[in-house]
file coords06.csv (CSV, C-alpha atoms (C1' of nucleotides))
chain,number,residue,atom,x,y,z
A,137,MET,CA,-26.7,-22.0,-18.7
A,138,SER,CA,-25.0,-24.3,-21.1
A,139,GLU,CA,-23.2,-26.8,-18.9
A,140,THR,CA,-23.3,-27.2,-15.2
A,141,ILE,CA,-20.2,-27.2,-13.0
A,142,GLU,CA,-20.7,-30.9,-12.4
A,143,GLN,CA,-20.8,-31.6,-16.1
A,144,LYS,CA,-17.6,-29.6,-16.6
A,145,CYS,CA,-15.9,-31.7,-13.9
A,146,LEU,CA,-16.9,-34.9,-15.7
A,147,SER,CA,-15.7,-33.7,-19.1
A,148,LYS,CA,-12.4,-32.6,-17.6
A,149,GLY,CA,-11.8,-35.8,-15.6
A,150,VAL,CA,-12.3,-34.1,-12.2
A,151,LYS,CA,-13.5,-36.7,-9.7
A,152,LEU,CA,-16.9,-35.8,-8.3
A,153,THR,CA,-17.0,-36.3,-4.5
A,154,ASP,CA,-19.9,-35.3,-2.3
A,155,GLN,CA,-18.0,-32.3,-1.1
A,156,ARG,CA,-17.2,-31.1,-4.6
A,157,LYS,CA,-20.8,-31.5,-5.6
A,158,ILE,CA,-21.9,-29.3,-2.7
A,159,ILE,CA,-19.3,-26.6,-3.4
A,160,ALA,CA,-20.3,-26.7,-7.1
A,161,LYS,CA,-23.9,-26.2,-6.2
A,162,VAL,CA,-23.1,-23.3,-3.9
A,163,MET,CA,-20.9,-21.7,-6.6
A,164,SER,CA,-23.7,-22.1,-9.1
A,165,ASP,CA,-26.3,-20.6,-6.8
A,166,SER,CA,-24.1,-17.6,-5.9
A,167,GLN,CA,-24.9,-14.5,-7.9
A,168,ASP,CA,-22.2,-12.6,-6.1
A,169,HIS,CA,-18.4,-13.0,-5.7
A,170,PRO,CA,-17.8,-14.8,-2.4
A,171,ASP,CA,-14.4,-15.2,-0.8
A,172,VAL,CA,-13.4,-18.6,0.6
A,173,ASN,CA,-14.7,-18.0,4.1
A,174,GLU,CA,-18.1,-16.9,2.8
A,175,LEU,CA,-18.1,-20.0,0.6
A,176,TYR,CA,-17.2,-22.1,3.6
A,177,LEU,CA,-20.1,-20.6,5.5
A,178,ARG,CA,-22.6,-21.4,2.7
A,179,VAL,CA,-21.2,-24.9,2.2
A,180,THR,CA,-21.3,-25.9,5.8
A,181,LYS,CA,-25.0,-25.0,5.9
A,182,LEU,CA,-25.6,-27.9,3.5
A,183,ASP,CA,-23.0,-30.2,5.0
A,184,SER,CA,-21.6,-29.1,8.3
A,185,LYS,CA,-18.7,-31.6,8.2
A,186,ILE,CA,-16.9,-30.1,5.2
A,187,SER,CA,-13.6,-28.5,6.2
A,188,ILE,CA,-12.3,-25.2,5.1
A,189,ALA,CA,-9.2,-26.9,3.7
A,190,THR,CA,-11.4,-28.8,1.3
A,191,VAL,CA,-13.0,-25.5,0.2
A,192,TYR,CA,-9.5,-24.1,-0.5
A,193,ARG,CA,-8.4,-27.2,-2.3
A,194,THR,CA,-11.6,-27.3,-4.4
A,195,VAL,CA,-11.7,-23.7,-5.5
A,196,LYS,CA,-8.0,-24.0,-6.5
A,197,LEU,CA,-8.9,-27.2,-8.5
A,198,PHE,CA,-11.9,-25.6,-10.1
A,199,GLU,CA,-9.9,-22.5,-11.0
A,200,GLU,CA,-7.1,-24.5,-12.6
A,201,ALA,CA,-9.7,-26.5,-14.6
A,202,GLY,CA,-11.1,-23.2,-15.8
A,203,ILE,CA,-14.5,-23.8,-14.1
A,204,ILE,CA,-14.5,-20.8,-11.8
A,205,ALA,CA,-12.6,-17.5,-11.9
A,206,LYS,CA,-10.5,-16.1,-9.2
A,207,HIS,CA,-10.4,-12.3,-8.5
A,208,ASP,CA,-8.1,-10.3,-6.3
A,209,PHE,CA,-10.2,-7.2,-5.7
A,210,LYS,CA,-9.0,-4.8,-3.1
A,211,GLY,CA,-9.3,-6.3,0.4
A,212,GLY,CA,-6.7,-9.0,0.4
A,213,LYS,CA,-8.9,-12.0,0.1
A,214,ALA,CA,-9.4,-14.0,-3.1
A,215,ARG,CA,-12.9,-14.0,-4.4
A,216,TYR,CA,-14.6,-16.4,-6.8
A,217,GLU,CA,-17.3,-16.7,-9.4
A,218,GLU,CA,-18.5,-19.3,-11.8
A,219,VAL,CA,-17.2,-18.9,-15.3
A,220,SER,CA,-20.0,-18.1,-17.6
A,221,GLU,CA,-20.5,-18.1,-21.4
A,222,SER,CA,-19.9,-14.4,-21.7
A,223,HIS,CA,-16.7,-12.8,-20.5
A,224,HIS,CA,-17.2,-9.7,-18.4
A,225,ASP,CA,-15.4,-7.2,-16.3
A,226,HIS,CA,-16.3,-5.5,-13.0
A,227,LEU,CA,-17.3,-2.1,-11.8
A,228,ILE,CA,-16.9,-1.9,-8.0
A,229,ASP,CA,-18.7,0.6,-5.8
A,230,VAL,CA,-16.0,1.8,-3.4
A,231,ASN,CA,-18.6,2.8,-0.8
A,232,THR,CA,-20.9,-0.2,-0.7
A,233,GLY,CA,-18.7,-2.9,-2.2
A,234,GLU,CA,-21.4,-3.7,-4.7
A,235,ILE,CA,-20.2,-5.2,-7.9
A,236,ILE,CA,-21.6,-4.6,-11.3
A,237,GLU,CA,-20.6,-6.9,-14.2
A,238,PHE,CA,-20.2,-5.3,-17.6
A,239,VAL,CA,-19.0,-6.0,-21.1
A,240,ASP,CA,-17.5,-3.4,-23.5
A,241,ASP,CA,-16.5,-4.9,-26.8
A,242,GLU,CA,-14.6,-1.8,-27.8
A,243,ILE,CA,-12.4,-2.0,-24.8
A,244,GLU,CA,-11.9,-5.7,-25.3
A,245,PHE,CA,-10.8,-5.0,-28.9
A,246,LEU,CA,-8.4,-2.2,-27.9
A,247,GLN,CA,-6.8,-4.4,-25.3
A,248,LYS,CA,-5.9,-6.9,-27.9
A,249,LYS,CA,-4.6,-4.2,-30.1
A,250,VAL,CA,-2.3,-2.9,-27.3
A,251,ALA,CA,-0.9,-6.3,-26.7
A,252,GLU,CA,-0.2,-6.8,-30.4
A,253,LYS,CA,1.5,-3.4,-30.6
A,254,TYR,CA,4.1,-4.7,-28.1
A,255,GLY,CA,4.4,-8.0,-29.9
A,256,TYR,CA,2.2,-10.0,-27.5
A,257,SER,CA,-0.7,-12.3,-27.8
A,258,LEU,CA,-3.3,-11.6,-25.1
A,259,VAL,CA,-4.0,-14.7,-23.1
A,260,ASP,CA,-5.8,-13.0,-20.2
A,261,HIS,CA,-6.7,-9.7,-18.7
A,262,LYS,CA,-8.1,-8.0,-15.7
A,263,LEU,CA,-10.1,-4.8,-15.8
A,264,GLU,CA,-11.6,-3.4,-12.7
A,265,LEU,CA,-13.3,0.0,-12.4
A,266,TYR,CA,-13.7,1.6,-9.0
A,267,GLY,CA,-16.4,4.2,-8.7
A,268,ILE,CA,-18.8,6.1,-6.5
A,269,LYS,CA,-22.4,6.4,-7.3
A,270,LYS,CA,-23.5,9.8,-8.6
A,271,LYS,CA,-26.5,11.4,-6.9
A,272,SER,CA,-29.2,11.5,-9.5
B,431,MET,CA,10.7,14.1,-12.9
B,432,SER,CA,8.7,17.0,-11.4
B,433,GLU,CA,8.8,16.5,-7.7
B,434,THR,CA,10.8,14.0,-5.7
B,435,ILE,CA,9.2,11.7,-3.1
B,436,GLU,CA,10.9,13.7,-0.4
B,437,GLN,CA,9.3,16.9,-1.7
B,438,LYS,CA,5.9,15.3,-1.8
B,439,CYS,CA,6.3,14.2,1.8
B,440,LEU,CA,7.1,17.7,2.9
B,441,SER,CA,4.1,19.2,0.9
B,442,LYS,CA,1.8,16.6,2.4
B,443,GLY,CA,3.1,17.0,6.0
B,444,VAL,CA,4.7,13.6,6.2
B,445,LYS,CA,7.5,13.6,8.7
B,446,LEU,CA,10.8,12.8,7.0
B,447,THR,CA,12.8,10.4,9.1
B,448,ASP,CA,16.1,8.8,8.0
B,449,GLN,CA,14.3,5.5,7.3
B,450,ARG,CA,11.7,7.2,5.1
B,451,LYS,CA,14.4,9.1,3.2
B,452,ILE,CA,16.1,5.8,2.4
B,453,ILE,CA,12.9,4.0,1.4
B,454,ALA,CA,12.0,7.0,-0.8
B,455,LYS,CA,15.4,6.8,-2.5
B,456,VAL,CA,15.1,3.1,-3.1
B,457,MET,CA,11.6,3.6,-4.6
B,458,SER,CA,12.8,6.4,-6.8
B,459,ASP,CA,15.7,4.3,-8.0
B,460,SER,CA,13.6,1.3,-8.8
B,461,GLN,CA,12.5,0.9,-12.4
B,462,ASP,CA,10.6,-2.3,-11.6
B,463,HIS,CA,7.7,-3.1,-9.3
B,464,PRO,CA,9.3,-4.6,-6.1
B,465,ASP,CA,7.3,-6.3,-3.4
B,466,VAL,CA,7.9,-5.4,0.3
B,467,ASN,CA,10.5,-8.1,0.8
B,468,GLU,CA,12.5,-7.0,-2.2
B,469,LEU,CA,12.2,-3.5,-1.1
B,470,TYR,CA,13.4,-4.5,2.4
B,471,LEU,CA,16.5,-6.2,0.8
B,472,ARG,CA,17.4,-3.1,-1.1
B,473,VAL,CA,16.8,-0.8,1.8
B,474,THR,CA,18.9,-2.8,4.3
B,475,LYS,CA,21.8,-2.5,1.9
B,476,LEU,CA,21.8,1.2,2.6
B,477,ASP,CA,21.0,0.9,6.3
B,478,SER,CA,21.1,-2.5,7.7
B,479,LYS,CA,19.1,-1.6,10.9
B,480,ILE,CA,15.8,-0.7,9.2
B,481,SER,CA,13.2,-3.3,10.1
B,482,ILE,CA,10.7,-4.8,7.7
B,483,ALA,CA,7.9,-3.5,9.9
B,484,THR,CA,9.0,0.0,9.0
B,485,VAL,CA,9.0,-0.8,5.4
B,486,TYR,CA,5.5,-2.1,5.6
B,487,ARG,CA,4.4,1.0,7.6
B,488,THR,CA,6.1,3.3,5.2
B,489,VAL,CA,4.8,1.9,1.9
B,490,LYS,CA,1.3,2.0,3.5
B,491,LEU,CA,1.9,5.6,4.4
B,492,PHE,CA,3.2,6.6,1.0
B,493,GLU,CA,0.4,4.8,-0.7
B,494,GLU,CA,-2.2,6.6,1.4
B,495,ALA,CA,-0.5,9.9,0.6
B,496,GLY,CA,-0.7,9.0,-3.1
B,497,ILE,CA,3.0,9.0,-3.4
B,498,ILE,CA,3.4,5.4,-4.5
B,499,ALA,CA,1.0,2.9,-6.1
B,500,LYS,CA,0.2,-0.5,-4.9
B,501,HIS,CA,-0.5,-3.4,-7.3
B,502,ASP,CA,-1.9,-6.9,-6.6
B,503,PHE,CA,-0.6,-8.8,-9.6
B,504,LYS,CA,-1.0,-12.5,-9.6
B,505,GLY,CA,1.3,-14.0,-7.0
B,506,GLY,CA,-0.3,-12.9,-3.7
B,507,LYS,CA,2.2,-10.2,-2.7
B,508,ALA,CA,1.6,-6.6,-3.0
B,509,ARG,CA,4.0,-4.7,-5.3
B,510,TYR,CA,4.8,-1.1,-5.4
B,511,GLU,CA,6.0,1.6,-7.8
B,512,GLU,CA,6.4,5.4,-7.6
B,513,VAL,CA,3.5,7.4,-8.9
B,514,SER,CA,4.7,9.4,-11.9
B,515,GLU,CA,3.2,12.2,-13.9
B,516,SER,CA,1.7,9.9,-16.4
B,517,HIS,CA,-0.8,7.3,-15.4
B,518,HIS,CA,-0.2,3.9,-17.1
B,519,ASP,CA,-1.4,0.3,-17.0
B,520,HIS,CA,0.5,-2.9,-17.2
B,521,LEU,CA,1.2,-5.7,-19.7
B,522,ILE,CA,2.6,-8.7,-18.0
B,523,ASP,CA,4.5,-11.4,-19.8
B,524,VAL,CA,3.1,-14.6,-18.3
B,525,ASN,CA,6.2,-16.6,-19.1
B,526,THR,CA,9.0,-14.2,-17.9
B,527,GLY,CA,7.1,-12.0,-15.5
B,528,GLU,CA,8.4,-9.0,-17.4
B,529,ILE,CA,6.2,-5.9,-17.0
B,530,ILE,CA,5.6,-3.4,-19.8
B,531,GLU,CA,3.9,-0.1,-18.9
B,532,PHE,CA,1.6,1.4,-21.4
B,533,VAL,CA,-1.0,4.1,-21.9
B,534,ASP,CA,-4.0,4.0,-24.1
B,535,ASP,CA,-6.1,7.2,-24.0
B,536,GLU,CA,-8.9,5.6,-25.9
B,537,ILE,CA,-9.3,2.8,-23.3
B,538,GLU,CA,-9.1,5.4,-20.5
B,539,PHE,CA,-11.9,7.3,-22.1
B,540,LEU,CA,-14.0,4.3,-22.6
B,541,GLN,CA,-13.6,3.3,-19.0
B,542,LYS,CA,-14.9,6.6,-17.8
B,543,LYS,CA,-17.8,6.2,-20.2
B,544,VAL,CA,-18.7,2.7,-18.9
B,545,ALA,CA,-18.8,4.0,-15.3
B,546,GLU,CA,-21.0,7.0,-16.4
B,547,LYS,CA,-23.3,4.6,-18.1
B,548,TYR,CA,-24.0,2.8,-14.8
B,549,GLY,CA,-24.3,6.1,-12.9
B,550,TYR,CA,-20.9,6.1,-11.4
B,551,SER,CA,-17.9,8.5,-11.2
B,552,LEU,CA,-14.7,6.7,-11.8
B,553,VAL,CA,-12.3,7.1,-8.9
B,554,ASP,CA,-9.8,4.4,-9.7
B,555,HIS,CA,-9.2,1.5,-12.1
B,556,LYS,CA,-7.0,-1.4,-12.7
B,557,LEU,CA,-6.1,-2.8,-16.1
B,558,GLU,CA,-3.7,-5.6,-16.5
B,559,LEU,CA,-3.0,-7.5,-19.7
B,560,TYR,CA,-1.4,-10.9,-19.5
B,561,GLY,CA,0.3,-12.0,-22.7
B,562,ILE,CA,2.8,-14.2,-24.3
B,563,LYS,CA,5.5,-12.9,-26.7
B,564,LYS,CA,4.9,-13.8,-30.3
B,565,LYS,CA,7.8,-15.2,-32.2
B,566,SER,CA,8.8,-12.7,-34.8
C,1363,DG,C1',9.2,19.1,24.8
C,1364,DT,C1',6.0,16.2,22.5
C,1365,DA,C1',3.6,13.8,19.1
C,1366,DG,C1',4.7,10.7,16.2
C,1367,DA,C1',8.2,7.0,14.4
C,1368,DT,C1',11.0,2.9,15.1
C,1369,DG,C1',12.6,-1.9,16.3
C,1370,DC,C1',11.5,-6.1,18.0
C,1371,DA,C1',8.8,-9.8,18.7
C,1372,DA,C1',4.3,-11.5,19.2
C,1373,DA,C1',-0.2,-11.7,17.0
C,1374,DG,C1',-3.2,-11.6,13.0
C,1375,DT,C1',-5.1,-13.2,8.5
C,1376,DA,C1',-5.2,-15.9,4.4
C,1377,DT,C1',-3.8,-20.1,2.5
C,1378,DT,C1',-1.3,-24.5,2.2
C,1379,DT,C1',0.2,-29.1,3.6
C,1380,DG,C1',1.5,-33.7,6.1
C,1381,DC,C1',-0.8,-37.6,7.5
C,1382,DG,C1',-3.7,-41.3,8.7
C,1383,DA,C1',-8.5,-42.5,7.5
C,1384,DC,C1',-11.7,-43.0,3.8
C,1385,DA,C1',-14.3,-43.1,-0.7
C,1386,DA,C1',-14.8,-42.9,-6.1
C,1387,DG,C1',-14.0,-45.2,-10.3
D,912,DC,C1',-8.1,-52.6,-5.3
D,913,DT,C1',-5.8,-48.3,-5.8
D,914,DT,C1',-5.4,-43.6,-6.5
D,915,DG,C1',-6.8,-39.6,-5.1
D,916,DT,C1',-9.6,-37.0,-1.4
D,917,DC,C1',-11.0,-35.5,3.2
D,918,DG,C1',-10.6,-33.7,7.9
D,919,DC,C1',-7.7,-32.2,11.2
D,920,DA,C1',-4.2,-29.6,13.0
D,921,DA,C1',0.2,-27.8,12.3
D,922,DA,C1',2.8,-25.0,9.2
D,923,DT,C1',3.6,-21.2,6.1
D,924,DA,C1',3.4,-16.6,4.0
D,925,DC,C1',2.3,-12.0,4.2
D,926,DT,C1',1.1,-8.2,7.0
D,927,DT,C1',-0.2,-5.7,11.2
D,928,DT,C1',0.4,-4.3,16.0
D,929,DG,C1',1.6,-3.5,21.3
D,930,DC,C1',5.1,-1.5,23.7
D,931,DA,C1',9.2,0.7,25.3
D,932,DT,C1',12.6,3.7,23.2
D,933,DC,C1',14.0,7.3,20.3
D,934,DT,C1',13.8,11.4,17.1
D,935,DA,C1',12.1,15.2,13.9
D,936,DC,C1',10.2,19.4,14.2
call {"tool": "encode", "arguments": {"input": "coords06.csv", "output": "structure tokens"}}
result
Amino acid sequence: MSETIEQKCLSKGVKLTDQRKIIAKVMSDSQDHPDVNELYLRVTKLDSKISIATVYRTVKLFEEAGIIAKHDFKGGKARYEEVSESHHDHLIDVNTGEIIEFVDDEIEFLQKKVAEKYGYSLVDHKLELYGIKKKS
Amino acid sequence: MSETIEQKCLSKGVKLTDQRKIIAKVMSDSQDHPDVNELYLRVTKLDSKISIATVYRTVKLFEEAGIIAKHDFKGGKARYEEVSESHHDHLIDVNTGEIIEFVDDEIEFLQKKVAEKYGYSLVDHKLELYGIKKKS
DNA sequence: GTAGATGCAAAGTATTTGCGACAAG
DNA sequence: CTTGTCGCAAATACTTTGCATCTAC
């Protein structure tokens, strides 16, 4: 891990309140992709007085600062994860909800090529694969 | 166009009410990716008595029958389009909101390969590219 | 005739916001 | 100090649902 969320806040001029420190810690410790309510549950274990409004405000802030990433997987709720060094996409098990992170350079390259073909510069992309586990 | 939405309803045993016929027509005539409210506006131009609840119920029904596709592009609202012969993905202009549909067989193939690699059968996927138009 | 569809309004979710109190820089 | 943040509750946006009525098959 190169830079902690707290460090990123400082370098981006985001004021570090107690609540934000706790939310930052919870995000860092999360290996999954929690939604706001799940985040709220984890956060209130560390400080029971934090309100869900603050969690909403903070994830939005962190997202706009490029510190965490927002996903809209099927299910209606926004889910978040810390932005890491390496970009990756998601393979979602439609039965269990389990999420596998993967990288495929070839696909990345082809995406850029498609955008170019239509006269665009790629600024962002979203790739989600939904699958069912094969019996082995 | 091989089969109309109405024909698909019949072959899937979906009862064809007047409201559904109108919603089917509006979907067929739409070349864009309307959200439910936009759909409601278009539908009520043809029959002002259709309620938005029926539009919600109908798009859900059509989606479950595989007749139309639901997308969750950035913006929070679900958006729909008729399912056509050819599968395609979307390139979205982040400035104008314009949506370009594209197909890239190589990417399709690689997606399947990624899923296999992790022991999964691909049942669905979502690929969205977000770009800005290059000055030419 | 009957199971399923509709319209309406009320109820759910997910998320945002106004405001007075409070805290970081 | 002063600007921005927090907690609370009310507000908003999108979507679903209970119920009495109506309609396609």
call {"tool": "residues_around", "arguments": {"input": "coords06.csv", "residues": "Val179 of chain A", "least_positions_apart": "4", "cutoff": "8 Å", "atoms": "only C-alpha atoms (C1' of nucleotides)", "output": "PyMOL selection string"}}
result
chain A and resi 158-159+162+175+183-184+186
call {"tool": "calpha_fit_and_write", "arguments": {"input": "coords06.csv", "fixed": "chain A", "moving": "chain B", "output": "mmCIF file with C-alpha atoms, in the coordinates of the input"}}
result
data_model
loop_
_atom_site.group_PDB
_atom_site.id
_atom_site.type_symbol
_atom_site.label_atom_id
_atom_site.label_comp_id
_atom_site.auth_asym_id
_atom_site.auth_seq_id
_atom_site.Cartn_x
_atom_site.Cartn_y
_atom_site.Cartn_z
ATOM 1 C CA MET B 431 -26.821 -21.833 -18.636
ATOM 2 C CA SER B 432 -25.117 -24.258 -21.060
ATOM 3 C CA GLU B 433 -23.277 -26.707 -18.924
ATOM 4 C CA THR B 434 -23.372 -27.122 -15.173
ATOM 5 C CA ILE B 435 -20.204 -27.210 -13.036
ATOM 6 C CA GLU B 436 -20.800 -30.880 -12.444
ATOM 7 C CA GLN B 437 -20.869 -31.521 -16.196
ATOM 8 C CA LYS B 438 -17.678 -29.601 -16.702
ATOM 9 C CA CYS B 439 -15.991 -31.676 -14.023
ATOM 10 C CA LEU B 440 -16.977 -34.877 -15.721
ATOM 11 C CA SER B 441 -15.800 -33.589 -19.215
ATOM 12 C CA LYS B 442 -12.508 -32.501 -17.704
ATOM 13 C CA GLY B 443 -11.941 -35.738 -15.702
ATOM 14 C CA VAL B 444 -12.359 -34.159 -12.312
ATOM 15 C CA LYS B 445 -13.489 -36.705 -9.796
ATOM 16 C CA LEU B 446 -16.891 -35.768 -8.392
ATOM 17 C CA THR B 447 -16.962 -36.318 -4.669
ATOM 18 C CA ASP B 448 -19.877 -35.325 -2.394
ATOM 19 C CA GLN B 449 -17.906 -32.297 -1.143
ATOM 20 C CA ARG B 450 -17.211 -31.085 -4.684
ATOM 21 C CA LYS B 451 -20.863 -31.539 -5.667
ATOM 22 C CA ILE B 452 -21.877 -29.307 -2.766
ATOM 23 C CA ILE B 453 -19.243 -26.646 -3.445
ATOM 24 C CA ALA B 454 -20.289 -26.670 -7.127
ATOM 25 C CA LYS B 455 -23.921 -26.133 -6.120
ATOM 26 C CA VAL B 456 -23.062 -23.301 -3.799
ATOM 27 C CA MET B 457 -20.979 -21.633 -6.562
ATOM 28 C CA SER B 458 -23.738 -22.055 -9.078
ATOM 29 C CA ASP B 459 -26.245 -20.575 -6.672
ATOM 30 C CA SER B 460 -24.145 -17.586 -5.835
ATOM 31 C CA GLN B 461 -24.879 -14.399 -7.741
ATOM 32 C CA ASP B 462 -22.118 -12.518 -5.917
ATOM 33 C CA HIS B 463 -18.370 -12.998 -5.661
ATOM 34 C CA PRO B 464 -17.788 -14.825 -2.289
ATOM 35 C CA ASP B 465 -14.382 -15.263 -0.745
ATOM 36 C CA VAL B 466 -13.301 -18.712 0.594
ATOM 37 C CA ASN B 467 -14.582 -18.041 4.089
ATOM 38 C CA GLU B 468 -17.988 -17.006 2.850
ATOM 39 C CA LEU B 469 -18.051 -19.934 0.619
ATOM 40 C CA TYR B 470 -17.109 -22.196 3.565
ATOM 41 C CA LEU B 471 -20.076 -20.721 5.586
ATOM 42 C CA ARG B 472 -22.510 -21.477 2.841
ATOM 43 C CA VAL B 473 -21.152 -24.911 2.190
ATOM 44 C CA THR B 474 -21.209 -26.033 5.850
ATOM 45 C CA LYS B 475 -24.884 -25.166 5.919
ATOM 46 C CA LEU B 476 -25.442 -27.997 3.500
ATOM 47 C CA ASP B 477 -22.895 -30.348 5.051
ATOM 48 C CA SER B 478 -21.471 -29.283 8.271
ATOM 49 C CA LYS B 479 -18.452 -31.716 8.118
ATOM 50 C CA ILE B 480 -16.732 -30.200 5.064
ATOM 51 C CA SER B 481 -13.481 -28.594 6.150
ATOM 52 C CA ILE B 482 -12.189 -25.258 4.938
ATOM 53 C CA ALA B 483 -9.084 -27.002 3.638
ATOM 54 C CA THR B 484 -11.296 -28.798 1.158
ATOM 55 C CA VAL B 485 -12.856 -25.634 0.081
ATOM 56 C CA TYR B 486 -9.507 -24.099 -0.557
ATOM 57 C CA ARG B 487 -8.363 -27.243 -2.462
ATOM 58 C CA THR B 488 -11.518 -27.328 -4.458
ATOM 59 C CA VAL B 489 -11.695 -23.688 -5.580
ATOM 60 C CA LYS B 490 -8.004 -24.064 -6.607
ATOM 61 C CA LEU B 491 -8.944 -27.129 -8.569
ATOM 62 C CA PHE B 492 -11.934 -25.562 -10.258
ATOM 63 C CA GLU B 493 -9.977 -22.483 -11.068
ATOM 64 C CA GLU B 494 -7.210 -24.515 -12.689
ATOM 65 C CA ALA B 495 -9.828 -26.409 -14.684
ATOM 66 C CA GLY B 496 -11.244 -23.059 -15.830
ATOM 67 C CA ILE B 497 -14.494 -23.758 -14.176
ATOM 68 C CA ILE B 498 -14.491 -20.793 -11.823
ATOM 69 C CA ALA B 499 -12.650 -17.449 -11.873
ATOM 70 C CA LYS B 500 -10.568 -16.013 -9.182
ATOM 71 C CA HIS B 501 -10.445 -12.250 -8.484
ATOM 72 C CA ASP B 502 -8.079 -10.232 -6.241
ATOM 73 C CA PHE B 503 -10.170 -7.148 -5.594
ATOM 74 C CA LYS B 504 -8.935 -4.736 -3.043
ATOM 75 C CA GLY B 505 -9.233 -6.294 0.390
ATOM 76 C CA GLY B 506 -6.550 -9.025 0.330
ATOM 77 C CA LYS B 507 -8.816 -12.074 0.002
ATOM 78 C CA ALA B 508 -9.333 -13.954 -3.098
ATOM 79 C CA ARG B 509 -12.929 -14.037 -4.412
ATOM 80 C CA TYR B 510 -14.524 -16.412 -6.741
ATOM 81 C CA GLU B 511 -17.356 -16.623 -9.275
ATOM 82 C CA GLU B 512 -18.517 -19.246 -11.807
ATOM 83 C CA VAL B 513 -17.205 -18.813 -15.299
ATOM 84 C CA SER B 514 -20.159 -18.142 -17.592
ATOM 85 C CA GLU B 515 -20.556 -18.040 -21.324
ATOM 86 C CA SER B 516 -19.957 -14.379 -21.504
ATOM 87 C CA HIS B 517 -16.741 -12.872 -20.323
ATOM 88 C CA HIS B 518 -17.247 -9.638 -18.299
ATOM 89 C CA ASP B 519 -15.317 -7.163 -16.163
ATOM 90 C CA HIS B 520 -16.230 -5.487 -12.962
ATOM 91 C CA LEU B 521 -17.355 -2.061 -11.706
ATOM 92 C CA ILE B 522 -16.972 -1.792 -8.014
ATOM 93 C CA ASP B 523 -18.786 0.755 -5.926
ATOM 94 C CA VAL B 524 -16.103 1.994 -3.535
ATOM 95 C CA ASN B 525 -18.607 3.065 -0.921
ATOM 96 C CA THR B 526 -20.954 -0.020 -0.788
ATOM 97 C CA GLY B 527 -18.726 -2.698 -2.227
ATOM 98 C CA GLU B 528 -21.471 -3.491 -4.703
ATOM 99 C CA ILE B 529 -20.184 -5.178 -7.883
ATOM 100 C CA ILE B 530 -21.653 -4.520 -11.327
ATOM 101 C CA GLU B 531 -20.591 -6.826 -14.180
ATOM 102 C CA PHE B 532 -20.244 -5.342 -17.567
ATOM 103 C CA VAL B 533 -18.964 -6.013 -21.061
ATOM 104 C CA ASP B 534 -17.495 -3.576 -23.461
ATOM 105 C CA ASP B 535 -16.463 -5.128 -26.805
ATOM 106 C CA GLU B 536 -14.652 -2.026 -27.856
ATOM 107 C CA ILE B 537 -12.369 -2.100 -24.767
ATOM 108 C CA GLU B 538 -11.804 -5.847 -25.300
ATOM 109 C CA PHE B 539 -10.697 -5.154 -28.808
ATOM 110 C CA LEU B 540 -8.450 -2.386 -27.832
ATOM 111 C CA GLN B 541 -6.788 -4.524 -25.226
ATOM 112 C CA LYS B 542 -5.915 -7.152 -27.747
ATOM 113 C CA LYS B 543 -4.555 -4.405 -29.969
ATOM 114 C CA VAL B 544 -2.316 -2.955 -27.206
ATOM 115 C CA ALA B 545 -0.794 -6.406 -26.548
ATOM 116 C CA GLU B 546 -0.214 -6.920 -30.350
ATOM 117 C CA LYS B 547 1.470 -3.590 -30.472
ATOM 118 C CA TYR B 548 4.103 -4.732 -27.946
ATOM 119 C CA GLY B 549 4.478 -8.126 -29.657
ATOM 120 C CA TYR B 550 2.358 -10.082 -27.314
ATOM 121 C CA SER B 551 -0.644 -12.476 -27.548
ATOM 122 C CA LEU B 552 -3.183 -11.703 -24.941
ATOM 123 C CA VAL B 553 -3.880 -14.695 -22.730
ATOM 124 C CA ASP B 554 -5.710 -13.037 -19.888
ATOM 125 C CA HIS B 555 -6.678 -9.598 -18.559
ATOM 126 C CA LYS B 556 -8.111 -7.889 -15.621
ATOM 127 C CA LEU B 557 -10.183 -4.722 -15.723
ATOM 128 C CA GLU B 558 -11.710 -3.273 -12.669
ATOM 129 C CA LEU B 559 -13.395 0.108 -12.405
ATOM 130 C CA TYR B 560 -13.813 1.688 -9.016
ATOM 131 C CA GLY B 561 -16.531 4.320 -8.861
ATOM 132 C CA ILE B 562 -18.873 6.257 -6.760
ATOM 133 C CA LYS B 563 -22.623 6.549 -7.529
ATOM 134 C CA LYS B 564 -23.655 9.924 -8.822
ATOM 135 C CA LYS B 565 -26.673 11.484 -7.260
ATOM 136 C CA SER B 566 -29.387 11.596 -9.836
#
call {"tool": "residues_around", "arguments": {"input": "coords06.csv", "residues": "segment 914-920 of chain D", "least_positions_apart": "4", "cutoff": "12 Å", "atoms": "all atoms listed in the file", "output": "PyMOL selection string"}}
result
(chain A and resi 150-156+184-191+193-194) or (chain C and resi 1379-1387)
call {"tool": "atom_distance", "arguments": {"input": "coords06.csv", "atom1": "atom CA of Asn231 of chain A", "atom2": "atom CA of His207 of chain A"}}
result
18.8 Å
call {"tool": "residues_around", "arguments": {"input": "coords06.csv", "residues": "segment 1371-1377 of chain C", "least_positions_apart": "6", "cutoff": "10 Å", "atoms": "all atoms listed in the file", "output": "PyMOL selection string"}}
result
(chain A and resi 172-173+189+192-193+212-214) or (chain B and resi 506) or (chain D and resi 923-929)
call {"tool": "residues_near_point", "arguments": {"input": "coords06.csv", "point": "(-16.8, -13.2, -5.2)", "cutoff": "10 Å", "atoms": "all atoms listed in the file", "output": "number ranges by chain"}}
result
A: 163, 166-172, 174-175, 205-209, 213-218, 235
call {"tool": "closest_atom_pairs", "arguments": {"input": "coords06.csv", "of": "chain C", "to": "chain B", "cutoff": "8 Å", "atoms": "all atoms listed in the file", "output": "tab-separated table"}}
result
residue	atom	partner	partner_atom	distance
C:DA1367	C1'	B:Thr447	CA	7.8
C:DT1368	C1'	B:Thr484	CA	7.0
C:DG1369	C1'	B:Ser481	CA	6.4
